[in-house]
$ cat structure30.pdb   # PDB, C-alpha atoms
ATOM      1  CA  MET V   1     137.459 121.062  95.145
ATOM      2  CA  ASP V   2     136.852 124.787  94.539
ATOM      3  CA  LEU V   3     135.212 124.224  91.199
ATOM      4  CA  LEU V   4     132.983 121.436  92.432
ATOM      5  CA  GLY V   5     130.799 123.632  94.645
ATOM      6  CA  PRO V   6     129.285 125.768  91.841
ATOM      7  CA  ILE V   7     128.859 122.693  89.630
ATOM      8  CA  HIS V   8     126.960 121.022  92.443
ATOM      9  CA  ASP V   9     124.761 124.097  92.896
ATOM     10  CA  ILE V  10     124.008 124.305  89.176
ATOM     11  CA  LEU V  11     123.212 120.597  89.073
ATOM     12  CA  VAL V  12     120.891 120.804  92.077
ATOM     13  CA  ILE V  13     119.073 123.859  90.685
ATOM     14  CA  PHE V  14     118.696 122.205  87.262
ATOM     15  CA  LEU V  15     117.446 118.931  88.763
ATOM     16  CA  GLY V  16     115.108 120.801  91.095
ATOM     17  CA  SER V  17     113.533 122.800  88.296
ATOM     18  CA  VAL V  18     113.095 119.641  86.189
ATOM     19  CA  LEU V  19     111.549 117.965  89.238
ATOM     20  CA  ILE V  20     109.093 120.807  89.828
ATOM     21  CA  LEU V  21     108.119 120.782  86.135
ATOM     22  CA  GLY V  22     107.560 117.020  86.298
ATOM     23  CA  GLY V  23     105.469 117.360  89.450
ATOM     24  CA  LEU V  24     103.332 120.041  87.822
ATOM     25  CA  GLY V  25     102.957 117.691  84.857
ATOM     26  CA  VAL V  26     101.698 114.932  87.154
ATOM     27  CA  VAL V  27      99.027 117.231  88.568
ATOM     28  CA  LEU V  28      98.046 119.285  85.541
ATOM     29  CA  LEU V  29      98.097 116.839  82.594
ATOM     30  CA  THR V  30      94.572 115.688  81.818
ATOM     31  CA  ASN V  31      95.526 112.384  80.214
ATOM     32  CA  LEU V  32      96.203 109.898  83.002
ATOM     33  CA  ILE V  33      98.892 107.916  81.173
ATOM     34  CA  TYR V  34     100.929 111.079  80.552
ATOM     35  CA  SER V  35     100.798 112.006  84.238
ATOM     36  CA  ALA V  36     101.841 108.444  85.156
ATOM     37  CA  PHE V  37     104.911 108.710  82.896
ATOM     38  CA  SER V  38     105.595 112.161  84.340
ATOM     39  CA  LEU V  39     105.550 110.621  87.822
ATOM     40  CA  GLY V  40     108.162 108.127  86.639
ATOM     41  CA  TRP V  41     110.302 111.000  85.383
ATOM     42  CA  VAL V  42     110.007 112.779  88.771
ATOM     43  CA  LEU V  43     111.097 109.626  90.624
ATOM     44  CA  PHE V  44     114.050 109.221  88.236
ATOM     45  CA  CYS V  45     115.144 112.821  88.961
ATOM     46  CA  ILE V  46     114.947 112.104  92.714
ATOM     47  CA  SER V  47     117.329 109.174  92.191
ATOM     48  CA  LEU V  48     119.762 111.572  90.447
ATOM     49  CA  PHE V  49     119.525 113.754  93.571
ATOM     50  CA  TYR V  50     120.575 110.779  95.681
ATOM     51  CA  ILE V  51     123.583 110.183  93.405
ATOM     52  CA  SER V  52     124.645 113.822  93.778
ATOM     53  CA  SER V  53     124.543 113.466  97.576
ATOM     54  CA  ASN V  54     126.787 110.375  97.625
ATOM     55  CA  SER V  55     124.161 107.799  98.549
ATOM     56  CA  TYR V  56     124.443 105.427  95.643
ATOM     57  CA  PHE V  57     122.638 102.489  97.148
ATOM     58  CA  VAL V  58     119.596 104.630  97.923
ATOM     59  CA  ALA V  59     119.702 105.873  94.317
ATOM     60  CA  ALA V  60     119.793 102.318  92.976
ATOM     61  CA  ALA V  61     117.000 101.269  95.327
ATOM     62  CA  GLN V  62     114.965 104.312  94.283
ATOM     63  CA  LEU V  63     115.427 103.434  90.600
ATOM     64  CA  LEU V  64     114.586  99.760  91.076
ATOM     65  CA  ILE V  65     111.661 100.044  93.477
ATOM     66  CA  TYR V  66     109.977 103.346  92.656
ATOM     67  CA  VAL V  67     110.682 103.717  88.919
ATOM     68  CA  GLY V  68     110.835  99.999  88.172
ATOM     69  CA  ALA V  69     108.157  98.533  90.384
ATOM     70  CA  ILE V  70     105.699 101.085  91.738
ATOM     71  CA  ASN V  71     105.523 103.211  88.599
ATOM     72  CA  VAL V  72     105.007 100.106  86.446
ATOM     73  CA  LEU V  73     102.120  99.107  88.723
ATOM     74  CA  ILE V  74     100.633 102.611  88.422
ATOM     75  CA  ILE V  75     100.948 102.549  84.613
ATOM     76  CA  PHE V  76      99.321  99.100  84.493
ATOM     77  CA  ALA V  77      96.510 100.374  86.737
ATOM     78  CA  VAL V  78      95.986 103.326  84.383
ATOM     79  CA  MET V  79      95.868 100.942  81.421
ATOM     80  CA  PHE V  80      92.929  99.070  82.958
ATOM     81  CA  ILE V  81      90.796 102.206  83.031
ATOM     82  CA  SER V  82      88.469 102.103  80.074
ATOM     83  CA  GLY V  83      88.934 104.761  77.429
ATOM     84  CA  SER V  84      85.595 106.433  78.020
ATOM     85  CA  GLU V  85      86.725 107.637  81.439
ATOM     86  CA  TYR V  86      89.204 110.085  79.912
ATOM     87  CA  SER V  87      86.479 112.702  79.969
ATOM     88  CA  ASN V  88      87.257 116.356  80.454
ATOM     89  CA  ASP V  89      85.410 116.917  83.722
ATOM     90  CA  SER V  90      88.657 117.809  85.480
ATOM     91  CA  HIS V  91      87.654 121.451  85.918
ATOM     92  CA  LEU V  92      85.109 120.625  88.611
ATOM     93  CA  TRP V  93      86.352 121.372  92.150
ATOM     94  CA  THR V  94      85.102 118.572  94.362
ATOM     95  CA  ILE V  95      85.357 118.137  98.142
ATOM     96  CA  GLY V  96      88.125 115.563  97.745
ATOM     97  CA  ASP V  97      90.253 118.065  95.829
ATOM     98  CA  GLY V  98      89.848 120.608  98.638
ATOM     99  CA  VAL V  99      90.773 118.115 101.363
ATOM    100  CA  THR V 100      93.795 116.917  99.348
ATOM    101  CA  SER V 101      95.057 120.440  98.717
ATOM    102  CA  VAL V 102      94.712 121.380 102.409
ATOM    103  CA  VAL V 103      96.583 118.222 103.515
ATOM    104  CA  CYS V 104      99.334 118.692 100.903
ATOM    105  CA  THR V 105      99.924 122.375 101.734
ATOM    106  CA  SER V 106     100.010 121.616 105.480
ATOM    107  CA  ILE V 107     102.582 118.834 104.917
ATOM    108  CA  PHE V 108     104.600 121.195 102.708
ATOM    109  CA  PHE V 109     104.724 123.998 105.288
ATOM    110  CA  SER V 110     105.428 121.642 108.196
ATOM    111  CA  LEU V 111     108.353 120.171 106.227
ATOM    112  CA  ILE V 112     109.658 123.668 105.466
ATOM    113  CA  THR V 113     109.558 124.587 109.161
ATOM    114  CA  THR V 114     111.054 121.320 110.472
ATOM    115  CA  ILE V 115     113.902 120.795 107.959
ATOM    116  CA  PRO V 116     115.996 123.874 109.005
ATOM    117  CA  ASP V 117     115.474 123.127 112.713
ATOM    118  CA  THR V 118     116.768 119.558 112.508
ATOM    119  CA  SER V 119     120.502 119.126 113.045
ATOM    120  CA  TRP V 120     121.238 116.567 110.355
ATOM    121  CA  TYR V 121     124.892 116.143 111.272
ATOM    122  CA  GLY V 122     123.959 115.149 114.811
ATOM    123  CA  ILE V 123     122.543 111.881 113.535
ATOM    124  CA  ILE V 124     125.030 109.082 114.130
ATOM    125  CA  TRP V 125     124.492 107.267 110.858
ATOM    126  CA  THR V 126     125.259 110.345 108.775
ATOM    127  CA  THR V 127     128.626 111.005 110.378
ATOM    128  CA  ARG V 128     129.528 107.354 110.350
ATOM    129  CA  SER V 129     128.767 106.990 106.653
ATOM    130  CA  ASN V 130     130.873 110.089 105.998
ATOM    131  CA  GLN V 131     133.783 108.410 107.755
ATOM    132  CA  ILE V 132     133.262 105.326 105.618
ATOM    133  CA  ILE V 133     133.305 107.436 102.467
ATOM    134  CA  GLU V 134     136.529 109.086 103.545
ATOM    135  CA  GLN V 135     138.124 105.728 104.284
ATOM    136  CA  ASP V 136     137.219 103.882 101.121
ATOM    137  CA  LEU V 137     135.111 105.134  98.257
ATOM    138  CA  ILE V 138     133.658 101.785  97.219
ATOM    139  CA  SER V 139     132.879 100.274 100.576
ATOM    140  CA  ASN V 140     129.543 102.017 101.195
ATOM    141  CA  VAL V 141     127.410  99.459  99.361
ATOM    142  CA  GLN V 142     129.819  96.701 100.341
ATOM    143  CA  GLN V 143     129.271  97.494 104.020
ATOM    144  CA  ILE V 144     125.517  97.117 103.525
ATOM    145  CA  GLY V 145     126.086  93.792 101.765
ATOM    146  CA  ILE V 146     128.409  92.477 104.478
ATOM    147  CA  HIS V 147     126.020  93.492 107.258
ATOM    148  CA  LEU V 148     123.051  92.085 105.360
ATOM    149  CA  SER V 149     124.588  88.662 104.843
ATOM    150  CA  THR V 150     126.308  88.227 108.225
ATOM    151  CA  ASN V 151     124.588  90.151 111.033
ATOM    152  CA  PHE V 152     121.131  90.333 109.488
ATOM    153  CA  TYR V 153     121.084  86.886 107.913
ATOM    154  CA  LEU V 154     117.693  85.837 109.267
ATOM    155  CA  PRO V 155     115.807  89.025 108.207
ATOM    156  CA  PHE V 156     117.482  88.665 104.788
ATOM    157  CA  GLU V 157     115.893  85.239 104.355
ATOM    158  CA  LEU V 158     112.611  86.420 105.882
ATOM    159  CA  ILE V 159     112.415  89.078 103.158
ATOM    160  CA  SER V 160     112.397  86.376 100.508
ATOM    161  CA  ILE V 161     109.663  84.481 102.357
ATOM    162  CA  ILE V 162     107.618  87.705 102.525
ATOM    163  CA  LEU V 163     108.159  88.144  98.771
ATOM    164  CA  LEU V 164     106.992  84.559  98.195
ATOM    165  CA  ILE V 165     103.863  85.141 100.290
ATOM    166  CA  SER V 166     103.070  88.375  98.450
ATOM    167  CA  LEU V 167     103.594  86.712  95.054
ATOM    168  CA  ILE V 168     101.275  83.789  95.846
ATOM    169  CA  GLY V 169      98.695  86.094  97.441
ATOM    170  CA  ALA V 170      98.727  88.452  94.466
ATOM    171  CA  ILE V 171      98.272  85.562  92.017
ATOM    172  CA  THR V 172      95.387  84.048  93.941
ATOM    173  CA  MET V 173      93.708  87.450  94.254
ATOM    174  CA  ALA V 174      94.228  88.326  90.581
ATOM    175  CA  ARG V 175      92.820  84.959  89.420
ATOM    176  CA  GLN V 176      89.436  85.632  91.012
TER
ATOM    177  CA  MET A 177     131.507 116.051 100.824
ATOM    178  CA  PHE A 178     130.363 116.022  97.227
ATOM    179  CA  LEU A 179     132.319 113.772  94.900
ATOM    180  CA  LEU A 180     131.398 114.752  91.373
ATOM    181  CA  HIS A 181     134.664 113.753  89.713
ATOM    182  CA  GLU A 182     133.908 110.111  90.375
ATOM    183  CA  TYR A 183     130.837 110.340  88.172
ATOM    184  CA  ASP A 184     132.231 112.441  85.325
ATOM    185  CA  ILE A 185     131.893 109.558  82.864
ATOM    186  CA  PHE A 186     128.347 108.881  84.060
ATOM    187  CA  TRP A 187     127.182 112.457  83.473
ATOM    188  CA  ALA A 188     128.899 112.553  80.056
ATOM    189  CA  PHE A 189     127.224 109.259  79.139
ATOM    190  CA  LEU A 190     123.853 110.553  80.374
ATOM    191  CA  ILE A 191     124.123 113.744  78.321
ATOM    192  CA  ILE A 192     125.221 111.932  75.136
ATOM    193  CA  SER A 193     122.612 109.206  75.473
ATOM    194  CA  SER A 194     119.849 111.759  75.972
ATOM    195  CA  ILE A 195     121.026 113.937  73.072
ATOM    196  CA  ILE A 196     120.983 111.066  70.521
ATOM    197  CA  PRO A 197     117.201 110.318  70.654
ATOM    198  CA  ILE A 198     116.406 114.058  70.763
ATOM    199  CA  LEU A 199     118.522 114.551  67.619
ATOM    200  CA  ALA A 200     116.904 111.543  65.942
ATOM    201  CA  PHE A 201     113.398 112.893  66.530
ATOM    202  CA  LEU A 202     114.465 116.448  65.588
ATOM    203  CA  ILE A 203     116.087 115.407  62.285
ATOM    204  CA  SER A 204     113.156 113.238  61.257
ATOM    205  CA  GLY A 205     110.757 116.020  62.250
ATOM    206  CA  VAL A 206     112.651 118.557  60.113
ATOM    207  CA  LEU A 207     113.165 116.326  57.067
ATOM    208  CA  THR A 208     109.750 114.690  56.701
ATOM    209  CA  PRO A 209     107.235 116.154  54.255
ATOM    210  CA  ILE A 210     104.015 116.892  56.135
ATOM    211  CA  ARG A 211     100.855 116.080  54.200
ATOM    212  CA  GLU A 212      98.060 115.290  56.609
ATOM    213  CA  GLY A 213      94.955 113.367  55.720
ATOM    214  CA  SER A 214      92.350 111.227  57.455
ATOM    215  CA  GLU A 215      93.869 108.068  55.935
ATOM    216  CA  LYS A 216      97.376 109.045  56.986
ATOM    217  CA  LEU A 217      96.501 109.957  60.581
ATOM    218  CA  SER A 218      94.771 106.637  61.231
ATOM    219  CA  SER A 219      96.756 104.121  63.260
ATOM    220  CA  TYR A 220      98.682 101.457  61.324
ATOM    221  CA  GLU A 221      97.605  97.906  62.048
ATOM    222  CA  SER A 222      99.621  95.848  59.535
ATOM    223  CA  GLY A 223      97.497  96.933  56.619
ATOM    224  CA  ILE A 224      94.230  95.806  58.216
ATOM    225  CA  GLU A 225      91.465  98.388  58.645
ATOM    226  CA  PRO A 226      91.809  99.739  62.245
ATOM    227  CA  MET A 227      88.871  99.043  64.544
ATOM    228  CA  GLY A 228      87.863 101.347  67.361
ATOM    229  CA  ASN A 229      89.941 103.699  69.479
ATOM    230  CA  ALA A 230      93.592 103.288  70.408
ATOM    231  CA  TRP A 231      92.796 104.087  74.070
ATOM    232  CA  LEU A 232      91.176 100.823  75.027
ATOM    233  CA  GLN A 233      90.850  98.986  78.285
ATOM    234  CA  PHE A 234      93.430  96.248  78.841
ATOM    235  CA  ARG A 235      92.470  92.884  80.255
ATOM    236  CA  ILE A 236      93.056  92.481  83.970
ATOM    237  CA  ARG A 237      95.106  89.286  83.565
ATOM    238  CA  TYR A 238      98.089  91.271  82.266
ATOM    239  CA  TYR A 239      98.359  92.728  85.779
ATOM    240  CA  MET A 240      99.785  89.415  86.965
ATOM    241  CA  PHE A 241     102.874  89.901  84.786
ATOM    242  CA  ALA A 242     103.420  93.255  86.474
ATOM    243  CA  LEU A 243     103.008  91.679  89.922
ATOM    244  CA  VAL A 244     105.503  88.880  89.187
ATOM    245  CA  PHE A 245     107.921  91.456  87.795
ATOM    246  CA  VAL A 246     107.586  93.675  90.901
ATOM    247  CA  VAL A 247     108.380  90.804  93.275
ATOM    248  CA  PHE A 248     111.597  89.922  91.457
ATOM    249  CA  ASP A 249     112.456  93.601  91.091
ATOM    250  CA  VAL A 250     112.319  94.060  94.872
ATOM    251  CA  GLU A 251     114.464  90.936  95.216
ATOM    252  CA  THR A 252     117.126  92.531  92.991
ATOM    253  CA  VAL A 253     117.509  95.429  95.436
ATOM    254  CA  PHE A 254     118.634  93.025  98.135
ATOM    255  CA  LEU A 255     120.902  91.065  95.787
ATOM    256  CA  TYR A 256     122.727  94.217  94.658
ATOM    257  CA  PRO A 257     124.733  94.869  97.914
ATOM    258  CA  TRP A 258     125.488  91.135  98.102
ATOM    259  CA  ALA A 259     126.854  91.186  94.550
ATOM    260  CA  MET A 260     128.920  94.287  95.312
ATOM    261  CA  SER A 261     130.583  92.585  98.297
ATOM    262  CA  PHE A 262     130.906  89.177  96.648
ATOM    263  CA  ASP A 263     134.704  89.165  96.582
ATOM    264  CA  VAL A 264     134.909  90.000 100.303
ATOM    265  CA  LEU A 265     132.447  87.335 101.406
ATOM    266  CA  GLY A 266     132.941  83.617 101.131
ATOM    267  CA  ILE A 267     131.158  80.570  99.750
ATOM    268  CA  SER A 268     128.771  80.310 102.723
ATOM    269  CA  VAL A 269     127.230  83.674 101.842
ATOM    270  CA  PHE A 270     126.846  82.423  98.278
ATOM    271  CA  ILE A 271     124.702  79.586  99.637
ATOM    272  CA  GLU A 272     122.692  82.143 101.676
ATOM    273  CA  ALA A 273     121.994  84.154  98.542
ATOM    274  CA  PHE A 274     121.185  80.943  96.660
ATOM    275  CA  ILE A 275     118.510  80.128  99.268
ATOM    276  CA  PHE A 276     117.327  83.736  99.033
ATOM    277  CA  VAL A 277     116.828  83.354  95.272
ATOM    278  CA  LEU A 278     115.396  79.840  95.571
ATOM    279  CA  ILE A 279     112.463  80.789  97.823
ATOM    280  CA  PRO A 280     110.806  83.234  95.346
ATOM    281  CA  ILE A 281     111.506  80.741  92.528
ATOM    282  CA  VAL A 282     109.063  78.433  94.350
ATOM    283  CA  GLY A 283     106.535  81.246  93.899
ATOM    284  CA  LEU A 284     107.475  81.519  90.212
ATOM    285  CA  VAL A 285     106.869  77.781  89.767
ATOM    286  CA  TYR A 286     103.518  78.217  91.538
ATOM    287  CA  ALA A 287     102.623  81.056  89.168
ATOM    288  CA  TRP A 288     103.678  78.948  86.190
ATOM    289  CA  ARG A 289     101.616  75.932  87.315
ATOM    290  CA  LYS A 290      98.587  78.124  87.999
ATOM    291  CA  GLY A 291      98.785  79.508  84.450
ATOM    292  CA  ALA A 292      99.572  83.073  85.504
ATOM    293  CA  LEU A 293     102.343  83.294  82.907
ATOM    294  CA  GLU A 294     100.095  82.351  79.967
ATOM    295  CA  TRP A 295      99.947  85.356  77.679
ATOM    296  CA  SER A 296      96.772  84.582  75.700
TER
END
$ encode --input "structure30.pdb" --output "structure tokens"
Amino acid sequence: MDLLGPIHDILVIFLGSVLILGGLGVVLLTNLIYSAFSLGWVLFCISLFYISSNSYFVAAAQLLIYVGAINVLIIFAVMFISGSEYSNDSHLWTIGDGVTSVVCTSIFFSLITTIPDTSWYGIIWTTRSNQIIEQDLISNVQQIGIHLSTNFYLPFELISIILLISLIGAITMARQ
Amino acid sequence: MFLLHEYDIFWAFLIISSIIPILAFLISGVLTPIREGSEKLSSYESGIEPMGNAWLQFRIRYYMFALVFVVFDVETVFLYPWAMSFDVLGISVFIEAFIFVLIPIVGLVYAWRKGALEWS
């Protein structure tokens, strides 16, 4: 276990730098489709972060929902923009840009101040999942599956009804 | 806390599978003779004279394919822990998951009957 610490640090630094580069690409690239693909790359790197911190189910969910679903929707939405709107008027500083930058920097600094103050190991779920990992390496996702299909049976079926409602609603809205 | 050794094969696979396309593009970029011309830089459309720009607006009806895909993609997230614990759980949970899959299939049939899956 002595060697694993530095490898973990190197991996986190490498992933973090790739993530920051991807985020800068999302903001700075002028072509919208390139920034949409860059956003997909950033979300993929976040899922690798989840794998390196032992939460495999969250990584799979991140890959399926954010990279698979939301990013595909964003890319489709970019594809519906007509080609003439790729004009180079991105150098203008509008009011919306100012408001967005103020909000983003305030969120950034509030996160920086709150993350060191929070005692993450005091949360019950974190310690309990650590105990599960120590007991059996595979059972983390299995525990979610067992709980989902026995204790939370009714919400599990309600999810599929919600998906059905959203599918029918989306089709009827898109047909108009 | 951090269990890297479990994913050694995964990282090796990731590195190899990302090196292969990089090498393919690099080798073809090094080997190809570069002679640029207006005819050569135009986009290839099966020998037919290309019309207009490549950056064109797509029709809005293709969005429905994305929406149908997203719904079943979200469904997969909930089927994944069930599939992982399939050997622990019994036949009754299989019927639960069958109902879970069957309800969005009603939506798929609705989309099919409404013509949302027609490509043209």
$ closest_atom_pairs --input "structure30.pdb" --of "chain A" --to "chain V" --cutoff "8 Å" --atoms "all atoms listed in the file" --output "JSON lines"
{"residue": "A:Met177", "atom": "CA", "partner": "V:Asn130", "partner_atom": "CA", "distance": 7.9}
{"residue": "A:Phe178", "atom": "CA", "partner": "V:Ser53", "partner_atom": "CA", "distance": 6.4}
{"residue": "A:Leu179", "atom": "CA", "partner": "V:Asn54", "partner_atom": "CA", "distance": 7.0}
{"residue": "A:Leu180", "atom": "CA", "partner": "V:Leu4", "partner_atom": "CA", "distance": 7.0}
{"residue": "A:Trp231", "atom": "CA", "partner": "V:Gly83", "partner_atom": "CA", "distance": 5.2}
{"residue": "A:Leu232", "atom": "CA", "partner": "V:Gly83", "partner_atom": "CA", "distance": 5.1}
{"residue": "A:Gln233", "atom": "CA", "partner": "V:Ser82", "partner_atom": "CA", "distance": 4.3}
{"residue": "A:Phe234", "atom": "CA", "partner": "V:Phe80", "partner_atom": "CA", "distance": 5.0}
{"residue": "A:Arg235", "atom": "CA", "partner": "V:Phe80", "partner_atom": "CA", "distance": 6.8}
{"residue": "A:Ile236", "atom": "CA", "partner": "V:Phe80", "partner_atom": "CA", "distance": 6.7}
{"residue": "A:Arg237", "atom": "CA", "partner": "V:Ala174", "partner_atom": "CA", "distance": 7.1}
{"residue": "A:Tyr239", "atom": "CA", "partner": "V:Phe76", "partner_atom": "CA", "distance": 6.6}
{"residue": "A:Met240", "atom": "CA", "partner": "V:Ile171", "partner_atom": "CA", "distance": 6.5}
{"residue": "A:Ala242", "atom": "CA", "partner": "V:Leu73", "partner_atom": "CA", "distance": 6.4}
{"residue": "A:Leu243", "atom": "CA", "partner": "V:Ala170", "partner_atom": "CA", "distance": 7.0}
{"residue": "A:Val244", "atom": "CA", "partner": "V:Leu167", "partner_atom": "CA", "distance": 6.5}
{"residue": "A:Phe245", "atom": "CA", "partner": "V:Ala69", "partner_atom": "CA", "distance": 7.5}
{"residue": "A:Val246", "atom": "CA", "partner": "V:Ala69", "partner_atom": "CA", "distance": 4.9}
{"residue": "A:Val247", "atom": "CA", "partner": "V:Leu163", "partner_atom": "CA", "distance": 6.1}
{"residue": "A:Asp249", "atom": "CA", "partner": "V:Leu64", "partner_atom": "CA", "distance": 6.5}
{"residue": "A:Val250", "atom": "CA", "partner": "V:Ile65", "partner_atom": "CA", "distance": 6.2}
{"residue": "A:Glu251", "atom": "CA", "partner": "V:Ser160", "partner_atom": "CA", "distance": 7.3}
{"residue": "A:Thr252", "atom": "CA", "partner": "V:Leu64", "partner_atom": "CA", "distance": 7.9}
{"residue": "A:Val253", "atom": "CA", "partner": "V:Ala61", "partner_atom": "CA", "distance": 5.9}
{"residue": "A:Tyr256", "atom": "CA", "partner": "V:Gly145", "partner_atom": "CA", "distance": 7.9}
{"residue": "A:Pro257", "atom": "CA", "partner": "V:Gly145", "partner_atom": "CA", "distance": 4.2}
{"residue": "A:Trp258", "atom": "CA", "partner": "V:Gly145", "partner_atom": "CA", "distance": 4.6}
{"residue": "A:Ala259", "atom": "CA", "partner": "V:Gly145", "partner_atom": "CA", "distance": 7.7}
{"residue": "A:Met260", "atom": "CA", "partner": "V:Gln142", "partner_atom": "CA", "distance": 5.7}
{"residue": "A:Ser261", "atom": "CA", "partner": "V:Gln142", "partner_atom": "CA", "distance": 4.7}
{"residue": "A:Leu265", "atom": "CA", "partner": "V:Ile146", "partner_atom": "CA", "distance": 7.2}
{"residue": "A:Val269", "atom": "CA", "partner": "V:Ser149", "partner_atom": "CA", "distance": 6.4}
{"residue": "A:Glu272", "atom": "CA", "partner": "V:Ser149", "partner_atom": "CA", "distance": 7.5}
{"residue": "A:Ile275", "atom": "CA", "partner": "V:Glu157", "partner_atom": "CA", "distance": 7.7}
{"residue": "A:Phe276", "atom": "CA", "partner": "V:Glu157", "partner_atom": "CA", "distance": 5.7}
{"residue": "A:Val277", "atom": "CA", "partner": "V:Ser160", "partner_atom": "CA", "distance": 7.5}
{"residue": "A:Ile279", "atom": "CA", "partner": "V:Ser160", "partner_atom": "CA", "distance": 6.2}
{"residue": "A:Pro280", "atom": "CA", "partner": "V:Leu164", "partner_atom": "CA", "distance": 4.9}
{"residue": "A:Val282", "atom": "CA", "partner": "V:Leu164", "partner_atom": "CA", "distance": 7.5}
{"residue": "A:Gly283", "atom": "CA", "partner": "V:Leu164", "partner_atom": "CA", "distance": 5.4}
{"residue": "A:Tyr286", "atom": "CA", "partner": "V:Ile168", "partner_atom": "CA", "distance": 7.4}
{"residue": "A:Ala287", "atom": "CA", "partner": "V:Ile171", "partner_atom": "CA", "distance": 6.9}
{"residue": "A:Ala292", "atom": "CA", "partner": "V:Ile171", "partner_atom": "CA", "distance": 7.1}
$ closest_residue --input "structure30.pdb" --among "A:Glu212, A:Ile195, A:Phe241, A:Trp187" --to "Leu284 of chain A" --atoms "all atoms listed in the file"
A:Phe241
$ resolve_selection --input "structure30.pdb" --expression "the PyMOL selection byres ((chain V and resi 18) around 12)" --output "ChimeraX atom specification"
/V:11-17,19-25,38-39,41-46,48-49
$ axis_aligned_box --input "structure30.pdb" --around "segment 267-282 of chain A" --padding-each-side "4 Å" --output "JSON"
{"center_x": 120.1, "center_y": 81.3, "center_z": 97.6, "size_x": 30.1, "size_y": 13.7, "size_z": 18.2}
$ atom_distance --input "structure30.pdb" --atom1 "atom CA of Tyr56 of chain V" --atom2 "atom CA of Ile281 of chain A"
28.0 Å
